[in-house]
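> One file: work.txt (compact mmCIF, C-alpha atoms and all ligand atoms).
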# COMPACT_ATOMS: atom_id res chain seq x y z
CA MET L 1 3.27 -3.97 -22.48
CA ARG L 2 -0.29 -3.48 -21.27
CA PHE L 3 -1.18 -4.55 -17.71
CA PHE L 4 -4.02 -4.51 -15.24
CA ALA L 5 -3.96 -5.04 -11.48
CA LEU L 6 -6.74 -6.23 -9.20
CA VAL L 7 -6.65 -3.82 -6.26
CA SER L 8 -8.17 -4.20 -2.82
CA GLY L 9 -11.64 -2.87 -2.09
CA GLU L 10 -10.81 -1.51 1.37
CA HIS L 11 -10.50 2.07 0.11
CA ASP L 12 -11.70 3.74 -3.10
CA GLU L 13 -8.60 5.85 -3.84
CA LEU L 14 -5.62 4.61 -1.82
CA PRO L 15 -4.82 1.48 -3.87
CA TYR L 16 -4.45 3.59 -7.04
CA ALA L 17 -2.43 6.24 -5.17
CA GLU L 18 -0.17 3.52 -3.75
CA ILE L 19 0.55 2.20 -7.24
CA GLU L 20 1.40 5.71 -8.44
CA GLY L 21 3.71 6.24 -5.43
CA ALA L 22 5.54 2.94 -5.91
CA PHE L 23 5.90 3.58 -9.66
CA GLU L 24 7.39 6.99 -9.02
CA ALA L 25 9.72 5.57 -6.36
CA GLU L 26 10.94 2.90 -8.81
CA SER L 27 11.05 5.34 -11.77
CA VAL L 28 8.61 3.32 -13.89
CA PRO L 29 7.80 5.10 -17.18
CA ARG L 30 4.04 4.58 -17.53
CA ASN L 31 0.90 5.53 -19.34
CA LEU L 32 -2.21 5.18 -17.17
CA LEU L 33 -5.28 3.78 -18.94
CA LYS L 34 -8.97 4.03 -18.03
CA PRO L 35 -9.43 2.30 -14.66
CA PHE L 36 -12.35 0.11 -13.60
CA THR L 37 -13.73 -0.46 -10.10
CA GLN L 38 -10.91 -2.28 -8.25
CA VAL L 39 -8.86 -2.54 -11.44
CA CYS L 40 -5.93 -0.27 -12.33
CA ARG L 41 -4.67 -0.39 -15.96
CA PHE L 42 -1.49 0.95 -17.51
CA GLU L 43 1.15 0.52 -20.23
CA ALA L 44 4.74 0.20 -19.05
CA PRO L 45 7.93 -1.85 -19.51
CA LEU L 46 7.85 -5.21 -17.68
CA GLU L 47 10.99 -5.18 -15.54
CA PRO L 48 10.43 -1.94 -13.54
CA VAL L 49 6.71 -2.73 -13.20
CA LEU L 50 7.54 -6.04 -11.48
CA ARG L 51 9.91 -4.26 -9.10
CA ALA L 52 7.28 -1.65 -8.16
CA PHE L 53 4.38 -4.09 -7.95
CA LYS L 54 6.19 -6.28 -5.43
CA ARG L 55 6.15 -3.33 -2.95
CA LEU L 56 2.37 -3.00 -2.81
CA ALA L 57 -0.01 -3.82 0.06
CA PHE L 58 -3.35 -2.62 -1.34
CA SER L 59 -3.14 -4.64 -4.58
CA HIS L 60 -3.63 -8.36 -5.11
CA PHE L 61 -2.03 -9.41 -8.40
CA LEU L 62 -0.82 -8.13 -11.75
CA CYS L 63 -1.91 -9.41 -15.17
CA GLU L 64 -0.69 -8.92 -18.69
CA GLU L 65 -3.88 -7.76 -20.42
CA VAL L 66 -5.28 -10.08 -23.11
CA CYS L 67 -8.60 -8.38 -23.85
CA ILE L 68 -11.58 -6.50 -22.44
CA LEU L 69 -15.07 -7.60 -23.44
CA GLY L 70 -18.61 -6.64 -22.46
CA LYS L 71 -19.87 -8.86 -19.63
CA ASP L 72 -22.36 -10.50 -21.99
CA ALA L 73 -19.60 -11.57 -24.39
CA SER L 74 -19.81 -15.26 -25.31
CA THR L 75 -17.36 -17.69 -23.74
CA SER L 76 -16.20 -18.67 -27.24
CA GLU L 77 -15.12 -15.05 -27.86
CA VAL L 78 -12.99 -15.10 -24.68
CA ILE L 79 -11.54 -18.51 -25.54
CA SER L 80 -10.65 -17.63 -29.12
CA LEU L 81 -8.72 -14.54 -27.95
CA VAL L 82 -6.88 -16.55 -25.28
CA LYS L 83 -6.20 -19.36 -27.76
CA LYS L 84 -4.43 -16.97 -30.14
CA ARG L 85 -1.88 -16.25 -27.39
CA PHE L 86 -1.57 -19.54 -25.50
CA LEU L 87 -2.33 -22.35 -27.95
CA LYS L 88 0.69 -24.45 -27.07
CA GLU L 89 0.80 -23.89 -23.31
CA SER L 90 -1.47 -25.08 -20.50
CA VAL L 91 -4.05 -22.69 -19.08
CA ALA L 92 -6.66 -22.49 -16.31
CA PHE L 93 -9.41 -19.88 -16.18
CA ARG L 94 -10.29 -18.19 -12.90
CA VAL L 95 -13.25 -15.79 -12.66
CA ARG L 96 -13.45 -13.06 -10.00
CA ARG L 97 -16.25 -10.62 -9.37
CA VAL L 98 -15.83 -7.06 -8.18
CA ARG L 99 -18.51 -5.50 -5.95
CA GLY L 100 -21.45 -7.57 -7.14
CA SER L 101 -20.80 -6.96 -10.84
CA ILE L 102 -22.09 -10.50 -11.39
CA SER L 103 -23.59 -12.90 -8.83
CA PRO L 104 -21.41 -15.52 -7.08
CA GLN L 105 -23.30 -18.27 -8.93
CA GLU L 106 -22.77 -16.54 -12.30
CA ALA L 107 -19.03 -16.35 -11.56
CA VAL L 108 -18.85 -20.09 -10.70
CA ASN L 109 -20.84 -21.01 -13.82
CA LEU L 110 -18.73 -18.80 -16.07
CA GLU L 111 -15.47 -20.24 -14.72
CA ARG L 112 -16.68 -23.82 -15.20
CA LYS L 113 -17.96 -23.07 -18.72
CA LEU L 114 -14.71 -21.39 -19.77
CA ASN L 115 -12.55 -24.30 -18.61
CA ILE L 116 -14.78 -26.95 -20.26
CA GLU L 117 -15.19 -25.08 -23.54
CA ALA L 118 -11.49 -24.20 -23.68
CA LYS L 119 -10.66 -27.92 -23.52
CA ASN L 120 -13.21 -28.65 -26.25
CA ALA L 121 -11.67 -25.88 -28.35
CA GLY L 122 -8.26 -27.57 -28.24
CA LEU L 123 -6.61 -25.60 -25.44
CA LEU L 124 -4.51 -27.51 -22.92
CA VAL L 125 -6.48 -27.00 -19.70
CA ASP L 126 -4.65 -27.91 -16.50
CA LEU L 127 -6.54 -26.87 -13.37
CA GLU L 128 -3.85 -28.20 -10.99
CA ASN L 129 -0.67 -26.70 -12.29
CA PRO L 130 -1.22 -24.51 -15.36
CA ARG L 131 1.59 -22.63 -17.00
CA ASN L 132 -0.76 -19.69 -17.51
CA ASN L 133 -3.36 -18.59 -14.97
CA ILE L 134 -5.95 -16.73 -17.00
CA GLU L 135 -7.80 -14.28 -14.77
CA VAL L 136 -11.22 -13.02 -15.82
CA ILE L 137 -12.36 -10.07 -13.69
CA ALA L 138 -15.96 -8.92 -13.90
CA SER L 139 -16.08 -5.19 -13.13
CA ASP L 140 -18.37 -2.32 -14.20
CA GLY L 141 -20.17 -4.43 -16.81
CA PHE L 142 -16.95 -5.66 -18.46
CA LEU L 143 -14.80 -8.79 -18.40
CA LEU L 144 -11.10 -8.03 -18.12
CA VAL L 145 -9.07 -11.00 -19.29
CA GLY L 146 -5.36 -11.34 -18.57
CA ARG L 147 -2.49 -13.67 -17.73
CA LYS L 148 -1.43 -13.41 -14.11
CA ILE L 149 2.26 -12.56 -13.92
CA CYS L 150 2.98 -11.56 -10.35
CA LEU L 151 1.63 -11.14 -6.84
CA SER L 152 1.94 -7.99 -4.77
CA ASP L 153 3.58 -8.06 -1.33
CA ARG L 154 0.15 -8.07 0.38
CA ARG L 155 0.37 -11.58 1.87
CA ARG L 156 3.85 -11.05 3.26
CA VAL L 157 2.84 -7.67 4.70
CA PHE L 158 -0.21 -9.20 6.43
CA SER L 159 1.98 -11.97 7.86
CA ARG L 160 3.47 -9.23 10.11
CA SER L 161 0.10 -7.90 11.34
CA GLY L 162 -0.74 -7.13 15.00
CA GLY L 163 -1.37 -10.57 16.48
CA VAL L 164 2.00 -12.03 15.51
CA LYS L 165 4.18 -9.29 17.01
CA PRO L 166 5.91 -10.08 20.31
CA PHE L 167 5.04 -6.53 21.46
CA PHE L 168 1.60 -5.18 20.61
CA HIS L 169 -0.13 -1.98 21.77
CA PRO L 170 -3.71 -0.86 20.96
CA SER L 171 -2.30 2.27 19.30
CA SER L 172 -0.35 0.18 16.74
CA LEU L 173 -0.94 1.10 13.13
CA LYS L 174 -2.31 -1.49 10.73
CA VAL L 175 0.68 -2.97 8.98
CA GLU L 176 -0.86 -2.69 5.49
CA LEU L 177 -1.53 1.01 6.03
CA ALA L 178 2.07 1.49 7.18
CA ARG L 179 3.26 -0.03 3.87
CA VAL L 180 0.87 2.12 1.83
CA MET L 181 2.12 5.26 3.59
CA LEU L 182 5.74 4.37 2.76
CA ASN L 183 4.78 3.90 -0.88
CA LEU L 184 2.96 7.25 -0.87
CA ALA L 185 6.20 8.79 0.46
CA ARG L 186 8.02 7.36 -2.62
CA VAL L 187 10.78 5.90 -0.40
CA ARG L 188 13.66 4.28 -2.25
CA GLU L 189 16.29 1.73 -1.38
CA GLY L 190 18.94 3.47 0.76
CA SER L 191 16.87 6.55 1.65
CA ILE L 192 16.77 7.68 5.30
CA VAL L 193 13.19 7.27 6.51
CA LEU L 194 12.17 8.74 9.86
CA ASP L 195 9.17 7.83 12.02
CA PRO L 196 9.29 10.43 14.86
CA PHE L 197 6.42 8.74 16.78
CA SER L 198 7.62 5.18 16.31
CA GLY L 199 5.55 3.36 18.99
CA THR L 200 5.77 -0.39 18.44
CA GLY L 201 7.77 0.17 15.22
CA THR L 202 5.22 -0.92 12.58
CA ILE L 203 6.27 1.70 10.00
CA LEU L 204 9.99 1.10 10.52
CA ILE L 205 9.70 -2.66 10.09
CA GLU L 206 8.01 -2.06 6.73
CA ALA L 207 10.61 0.60 5.86
CA ASN L 208 13.27 -2.01 6.56
CA GLU L 209 11.52 -4.45 4.19
CA LEU L 210 11.82 -1.78 1.48
CA ARG L 211 15.59 -1.62 2.13
CA THR L 212 15.58 1.97 3.35
CA ILE L 213 17.59 3.22 6.33
CA PRO L 214 14.86 3.33 9.04
CA LEU L 215 15.16 5.75 11.93
CA GLY L 216 12.75 5.85 14.90
CA LEU L 217 12.14 8.46 17.58
CA GLU L 218 9.88 7.78 20.57
CA ILE L 219 9.31 9.72 23.77
CA ASP L 220 8.22 6.80 25.95
CA PRO L 221 11.22 4.70 27.07
CA ALA L 222 9.12 1.57 27.75
CA MET L 223 7.65 1.80 24.23
CA ALA L 224 11.05 2.43 22.62
CA TYR L 225 12.71 -0.53 24.40
CA SER L 226 9.78 -2.85 23.66
CA SER L 227 9.77 -1.91 19.96
CA ILE L 228 13.29 -3.34 19.74
CA ARG L 229 11.78 -6.78 20.49
CA ASN L 230 9.64 -6.36 17.37
CA TYR L 231 12.63 -5.30 15.23
CA ARG L 232 14.53 -8.41 16.34
CA TRP L 233 11.53 -10.70 15.80
CA PHE L 234 11.11 -9.54 12.19
CA GLY L 235 14.85 -9.44 11.46
CA ALA L 236 14.76 -5.64 11.10
CA PHE L 237 18.24 -5.25 12.57
CA GLU L 238 18.95 -2.11 10.53
CA VAL L 239 16.39 0.02 12.41
CA CYS L 240 18.04 2.75 14.47
CA GLN L 241 15.81 3.56 17.46
CA LEU L 242 16.26 6.83 19.35
CA LEU L 243 14.59 8.08 22.49
CA GLY L 244 13.37 11.68 22.26
CA ASP L 245 10.70 14.27 21.59
CA ALA L 246 9.43 14.78 18.03
CA ARG L 247 9.15 18.52 18.76
CA HIS L 248 12.94 18.70 19.27
CA MET L 249 14.49 16.13 16.99
CA PRO L 250 18.19 15.35 17.50
CA LEU L 251 18.68 15.05 13.73
CA ARG L 252 20.00 17.09 10.80
CA ARG L 253 18.68 15.61 7.53
CA VAL L 254 16.30 12.82 6.45
CA ASP L 255 14.92 11.88 3.04
CA ALA L 256 11.33 11.07 4.06
CA ILE L 257 9.09 11.24 7.14
CA VAL L 258 6.28 8.71 7.56
CA THR L 259 4.41 8.67 10.85
CA ASP L 260 1.31 8.23 12.96
CA PRO L 261 1.38 10.89 15.72
CA PRO L 262 -0.64 10.46 18.93
CA TYR L 263 -4.14 11.84 18.86
CA GLY L 264 -4.93 11.38 22.53
CA ARG L 265 -7.30 8.40 22.39
CA ARG L 266 -5.24 5.23 22.60
CA ALA L 267 -1.87 6.88 22.08
CA SER L 268 -0.69 9.24 24.78
CA THR L 269 0.35 12.80 23.97
CA HIS L 270 2.20 12.81 27.32
CA GLY L 271 0.16 15.63 28.82
CA LEU L 272 0.23 17.96 25.81
CA GLU L 273 -2.71 19.11 23.69
CA SER L 274 -2.46 17.04 20.52
CA SER L 275 -2.53 20.13 18.25
CA ARG L 276 0.63 21.33 20.07
CA VAL L 277 2.33 18.01 19.34
CA TYR L 278 1.39 18.29 15.65
CA GLU L 279 2.54 21.91 15.37
CA GLY L 280 5.88 21.12 17.00
CA PHE L 281 6.49 18.01 14.91
CA ILE L 282 5.62 19.78 11.63
CA GLU L 283 7.96 22.67 12.46
CA GLU L 284 10.82 20.26 13.18
CA SER L 285 10.01 18.24 10.06
CA SER L 286 10.38 21.33 7.87
CA ARG L 287 13.85 21.83 9.36
CA ILE L 288 15.19 18.29 8.89
CA LEU L 289 13.38 17.03 5.77
CA ARG L 290 15.43 17.48 2.61
CA ASP L 291 14.13 19.85 -0.08
CA GLU L 292 11.39 18.16 -2.13
CA GLY L 293 11.29 15.35 0.46
CA TRP L 294 7.93 13.71 1.18
CA ILE L 295 6.09 13.67 4.51
CA VAL L 296 3.14 11.30 5.04
CA PHE L 297 1.18 11.19 8.27
CA LEU L 298 -2.21 10.58 9.87
CA SER L 299 -4.13 13.19 11.81
CA PRO L 300 -7.53 13.62 13.45
CA SER L 301 -9.97 14.50 10.65
CA LYS L 302 -10.92 17.88 12.14
CA MET L 303 -7.47 19.17 13.09
CA PRO L 304 -6.32 22.01 10.73
CA VAL L 305 -2.96 20.38 9.97
CA GLU L 306 -3.12 21.85 6.45
CA ASP L 307 -2.61 25.31 8.01
CA PHE L 308 0.39 24.13 10.04
CA LEU L 309 1.89 22.52 6.93
CA ALA L 310 1.33 25.58 4.72
CA SER L 311 2.80 27.92 7.35
CA LYS L 312 6.00 25.86 7.38
CA GLY L 313 6.36 25.86 3.60
CA PHE L 314 5.01 22.39 2.81
CA LYS L 315 3.01 21.77 -0.34
CA ILE L 316 0.04 19.42 0.20
CA MET L 317 -0.06 16.87 -2.61
CA GLU L 318 -2.85 14.49 -1.57
CA THR L 319 -5.40 14.04 1.26
CA TYR L 320 -7.39 10.88 2.03
CA PHE L 321 -10.00 10.09 4.65
CA ILE L 322 -9.83 6.70 6.33
CA GLU L 323 -12.66 5.31 8.38
CA VAL L 324 -11.05 3.56 11.34
CA HIS L 325 -14.48 2.59 12.68
CA THR L 326 -17.92 4.18 12.49
CA SER L 327 -17.16 6.93 15.03
CA LEU L 328 -13.56 7.65 14.00
CA THR L 329 -12.33 8.97 10.66
CA ARG L 330 -8.70 9.95 10.21
CA LYS L 331 -7.04 12.12 7.64
CA LEU L 332 -3.99 10.93 5.71
CA LEU L 333 -1.82 13.82 4.52
CA VAL L 334 0.79 13.55 1.77
CA ALA L 335 2.95 16.67 1.45
CA ARG L 336 6.35 17.82 0.13
CA ASN L 337 8.93 20.14 1.54
CA ARG L 338 9.53 23.05 -0.82
C1 LIG L 401 -0.15 6.46 17.56
S1 LIG L 401 1.27 5.94 18.40
C2 LIG L 401 2.32 5.34 17.14
C3 LIG L 401 1.97 3.95 16.78
C4 LIG L 401 2.97 3.33 15.86
N1 LIG L 401 2.81 3.81 14.50
C5 LIG L 401 2.82 1.82 15.92
O1 LIG L 401 2.37 1.21 14.93
O2 LIG L 401 3.06 1.26 16.96
C6 LIG L 401 2.06 7.44 18.85
C7 LIG L 401 3.35 7.28 19.62
O3 LIG L 401 3.92 8.57 19.78
C8 LIG L 401 4.54 8.63 21.07
N2 LIG L 401 4.69 10.05 21.42
C9 LIG L 401 3.79 10.87 22.00
N3 LIG L 401 4.28 12.13 22.07
C10 LIG L 401 5.51 12.11 21.52
C11 LIG L 401 6.50 13.09 21.28
N4 LIG L 401 6.32 14.37 21.62
N5 LIG L 401 7.65 12.70 20.66
C12 LIG L 401 7.85 11.41 20.28
N6 LIG L 401 6.95 10.43 20.51
C13 LIG L 401 5.78 10.77 21.10
C14 LIG L 401 3.61 7.83 21.96
O4 LIG L 401 4.30 7.39 23.12
C15 LIG L 401 3.17 6.70 21.01
O5 LIG L 401 4.02 5.60 21.15
Have the structure of the file written as structure tokens, please.

Amino acid sequence: MRFFALVSGEHDELPYAEIEGAFEAESVPRNLLKPFTQVCRFEAPLEPVLRAFKRLAFSHFLCEEVCILGKDASTSEVISLVKKRFLKESVAFRVRRVRGSISPQEAVNLERKLNIEAKNAGLLVDLENPRNNIEVIASDGFLLVGRKICLSDRRRVFSRSGGVKPFFHPSSLKVELARVMLNLARVREGSIVLDPFSGTGTILIEANELRTIPLGLEIDPAMAYSSIRNYRWFGAFEVCQLLGDARHMPLRRVDAIVTDPPYGRRASTHGLESSRVYEGFIEESSRILRDEGWIVFLSPSKMPVEDFLASKGFKIMETYFIEVHTSLTRKLLVARNR
């Protein structure tokens, strides 16, 4: 089957990389097709795609592709192609615009016109409760038309964001980024996932949602005890929280490491230079991470973590830059143990 997904506009590359990570984690056989701005397209079998798509935080929804037309295509062209597929079932058209591809007014007019003309053309239009939501996405001078078949996990992930936690700290990671990092680490149900700088537990709560075995290490006792309040609040009873130093981990083997080490601004390095903390944590990670296991972490953009990783035998797979705010950019590293 051929699908497209509307992805979030908060980063140019990460939504596509997250899809790839989740697909690999769920072993989805796939053939990627030409993407559009904020639209990822691929051919794949339905059942594993649904499983992978429901893990995502940087995507909105998934559609079964009906057609792609130039943005000046007539409404009757769109309707006749939709009619071929959904003559006997109710439909409702919804138009969305990506990054100013068409104006807001054009989008409203197009949506209204499609729904009125579809009715006139003999389609069963039900704006309240349609059997088929027909999404029309205007992107890069094209109209991508598809039937919406599933939502990502984005809304549920956001429902656990900062403000609703019983224990919050300014160093807490954004919950949606925590989920993306877990997907980039290709974590699977039942795999042991370690966050050696667990803080308030954001990554581990998401790891628990993905049915992994989440393991936390934290040097600050007050932080470690308080994070347990968050685990209880979100029903993440499976999280195992340890107290300790990420440079000397009391562990033998884990399947994946996903973490947000301190960089000395809001999160304390407990008196150490942050590069020392990174060096020590990377060395320990190479010891305990299984062969071919994935490590995903954030670092200050100027710190040479690539050198530390290479010297410990890691292979860097992907690097992304994330603007936290205008004066702070962070680097997201995705690497594998050899
Ligand atoms: C950036 S915060 C982590 C935030 C976390 N991802 C969250 O969402 O709450 C870094 C954490 O690492 C802890 N930490 C600092 N040095 C450490 C070390 N050597 N070993 C383990 N934890 C450490 C800090 O106390 C802090 O809680």
> Within 6 Å of ligand LIG 401 (chain L), which residues of chain L come that close, and what is the closest atom pair and distance in Å for each? Count only C-alpha atoms and all ligand atoms and give it as a Markdown table.

| residue | atom | partner | partner_atom | distance |
| --- | --- | --- | --- | --- |
| L:Ser171 | CA | L:LIG401 | C1 | 5.0 |
| L:Ser172 | CA | L:LIG401 | O1 | 3.4 |
| L:Leu173 | CA | L:LIG401 | O1 | 3.8 |
| L:Pro196 | CA | L:LIG401 | C12 | 5.7 |
| L:Phe197 | CA | L:LIG401 | O3 | 3.9 |
| L:Ser198 | CA | L:LIG401 | C4 | 5.0 |
| L:Gly199 | CA | L:LIG401 | O5 | 3.5 |
| L:Thr200 | CA | L:LIG401 | O2 | 3.5 |
| L:Gly201 | CA | L:LIG401 | O2 | 5.1 |
| L:Thr202 | CA | L:LIG401 | O1 | 4.3 |
| L:Leu217 | CA | L:LIG401 | C12 | 5.9 |
| L:Glu218 | CA | L:LIG401 | N6 | 4.0 |
| L:Ile219 | CA | L:LIG401 | N6 | 4.1 |
| L:Asp220 | CA | L:LIG401 | O4 | 4.9 |
| L:Gly244 | CA | L:LIG401 | C12 | 5.9 |
| L:Asp245 | CA | L:LIG401 | N5 | 3.6 |
| L:Ala246 | CA | L:LIG401 | N5 | 3.8 |
| L:Arg247 | CA | L:LIG401 | N4 | 5.8 |
| L:Asp260 | CA | L:LIG401 | N1 | 4.9 |
| L:Pro261 | CA | L:LIG401 | C6 | 4.7 |
| L:Pro262 | CA | L:LIG401 | C6 | 4.1 |
| L:Ala267 | CA | L:LIG401 | C1 | 4.9 |
| L:Ser268 | CA | L:LIG401 | C14 | 5.3 |
| L:Thr269 | CA | L:LIG401 | C9 | 4.4 |
| L:His270 | CA | L:LIG401 | N3 | 5.7 |
| L:Val277 | CA | L:LIG401 | N4 | 5.9 |
> Suppose you want the space between atom CA of Glu323 of chain L and atom CA of Tyr263 of chain L; what is it in Å?
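A separation of 15.0 Å between them.
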> Considering only C-alpha atoms, tabulate each residue of segment 160-215 of chain L that lies at most 12 Å from segment 234-237 of chain L along with its nearest interatomic pair and the corresponding distance in Å to one decimal; arrange the rows by chain and ascending residue number and present them as JSON lines.

{"residue": "L:Arg160", "atom": "CA", "partner": "L:Phe234", "partner_atom": "CA", "distance": 7.9}
{"residue": "L:Ser161", "atom": "CA", "partner": "L:Phe234", "partner_atom": "CA", "distance": 11.2}
{"residue": "L:Val164", "atom": "CA", "partner": "L:Phe234", "partner_atom": "CA", "distance": 10.0}
{"residue": "L:Lys165", "atom": "CA", "partner": "L:Phe234", "partner_atom": "CA", "distance": 8.4}
{"residue": "L:Pro166", "atom": "CA", "partner": "L:Phe234", "partner_atom": "CA", "distance": 9.7}
{"residue": "L:Phe167", "atom": "CA", "partner": "L:Phe234", "partner_atom": "CA", "distance": 11.5}
{"residue": "L:Gly201", "atom": "CA", "partner": "L:Ala236", "partner_atom": "CA", "distance": 10.0}
{"residue": "L:Thr202", "atom": "CA", "partner": "L:Phe234", "partner_atom": "CA", "distance": 10.4}
{"residue": "L:Ile203", "atom": "CA", "partner": "L:Ala236", "partner_atom": "CA", "distance": 11.3}
{"residue": "L:Leu204", "atom": "CA", "partner": "L:Ala236", "partner_atom": "CA", "distance": 8.3}
{"residue": "L:Ile205", "atom": "CA", "partner": "L:Ala236", "partner_atom": "CA", "distance": 6.0}
{"residue": "L:Glu206", "atom": "CA", "partner": "L:Ala236", "partner_atom": "CA", "distance": 8.8}
{"residue": "L:Ala207", "atom": "CA", "partner": "L:Ala236", "partner_atom": "CA", "distance": 9.1}
{"residue": "L:Asn208", "atom": "CA", "partner": "L:Ala236", "partner_atom": "CA", "distance": 6.0}
{"residue": "L:Glu209", "atom": "CA", "partner": "L:Ala236", "partner_atom": "CA", "distance": 7.7}
{"residue": "L:Leu210", "atom": "CA", "partner": "L:Ala236", "partner_atom": "CA", "distance": 10.8}
{"residue": "L:Arg211", "atom": "CA", "partner": "L:Ala236", "partner_atom": "CA", "distance": 9.9}
{"residue": "L:Thr212", "atom": "CA", "partner": "L:Ala236", "partner_atom": "CA", "distance": 10.9}
{"residue": "L:Ile213", "atom": "CA", "partner": "L:Ala236", "partner_atom": "CA", "distance": 10.5}
{"residue": "L:Pro214", "atom": "CA", "partner": "L:Ala236", "partner_atom": "CA", "distance": 9.2}
{"residue": "L:Leu215", "atom": "CA", "partner": "L:Ala236", "partner_atom": "CA", "distance": 11.4}
> Give the answer as one residue: which of L:Pro35, L:Ala185, L:Phe168, L:Met249 has the shortest atom-to-atom distance to Arg229 of chain L, using all atoms listed in the file?
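Among the listed residues, the smallest separation from Arg229 of chain L belongs to L:Phe168.
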> One decimal, Å: what's the distance from atom CA of Leu194 of chain L over to atom CA of Val305 of chain L, could you say?
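So the answer is 19.1 Å.
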> Report, as AutoDock Vina command-line options, the centre and edge lengths in Å (one decimal) of the axis-aligned box enclosing every listed atom of segment 149-162 of chain L, padded by 4 Å on each side.

--center_x 1.6 --center_y -9.8 --center_z 0.5 --size_x 12.6 --size_y 13.4 --size_z 36.9
> Find the residues around Pro29 of chain L up to 9 Å (only C-alpha atoms counted), leave out those fewer than 4 positions away in its own chain, and share them as an NGL selection string.
:L and (23-24 or 43-45 or 48-49)
> With N, CA and C atoms as the goal, would you fill in the gaps in segment 88-102 of chain L and present it as a short mmCIF file (atom, residue, chain, number, x, y, z; two decimals), in the coordinates of the input?

data_model
loop_
_atom_site.label_atom_id
_atom_site.label_comp_id
_atom_site.auth_asym_id
_atom_site.auth_seq_id
_atom_site.Cartn_x
_atom_site.Cartn_y
_atom_site.Cartn_z
N LYS L 88 -0.18 -23.30 -27.35
CA LYS L 88 0.69 -24.45 -27.07
C LYS L 88 1.01 -24.64 -25.59
N GLU L 89 0.47 -23.79 -24.74
CA GLU L 89 0.80 -23.89 -23.31
C GLU L 89 -0.45 -24.14 -22.49
N SER L 90 -0.29 -24.78 -21.31
CA SER L 90 -1.47 -25.08 -20.50
C SER L 90 -2.04 -23.82 -19.84
N VAL L 91 -3.36 -23.85 -19.67
CA VAL L 91 -4.05 -22.69 -19.08
C VAL L 91 -5.08 -23.17 -18.06
N ALA L 92 -5.50 -22.25 -17.17
CA ALA L 92 -6.66 -22.49 -16.31
C ALA L 92 -7.35 -21.15 -16.15
N PHE L 93 -8.67 -21.12 -16.33
CA PHE L 93 -9.41 -19.88 -16.18
C PHE L 93 -9.87 -19.71 -14.74
N ARG L 94 -9.80 -18.48 -14.25
CA ARG L 94 -10.29 -18.19 -12.90
C ARG L 94 -11.13 -16.91 -13.01
N VAL L 95 -12.38 -16.97 -12.55
CA VAL L 95 -13.25 -15.79 -12.66
C VAL L 95 -13.41 -15.13 -11.30
N ARG L 96 -13.26 -13.80 -11.26
CA ARG L 96 -13.45 -13.06 -10.00
C ARG L 96 -14.46 -11.94 -10.26
N ARG L 97 -15.22 -11.65 -9.23
CA ARG L 97 -16.25 -10.62 -9.37
C ARG L 97 -15.91 -9.45 -8.45
N VAL L 98 -16.12 -8.25 -8.97
CA VAL L 98 -15.83 -7.06 -8.18
C VAL L 98 -17.15 -6.42 -7.78
N ARG L 99 -17.34 -6.20 -6.49
CA ARG L 99 -18.51 -5.50 -5.95
C ARG L 99 -19.82 -5.86 -6.63
N GLY L 100 -20.14 -7.14 -6.65
CA GLY L 100 -21.45 -7.57 -7.14
C GLY L 100 -21.70 -7.34 -8.61
N SER L 101 -20.62 -7.18 -9.41
CA SER L 101 -20.80 -6.96 -10.84
C SER L 101 -21.56 -8.12 -11.49
N ILE L 102 -21.28 -9.34 -11.02
CA ILE L 102 -22.09 -10.50 -11.39
C ILE L 102 -22.33 -11.27 -10.08
#
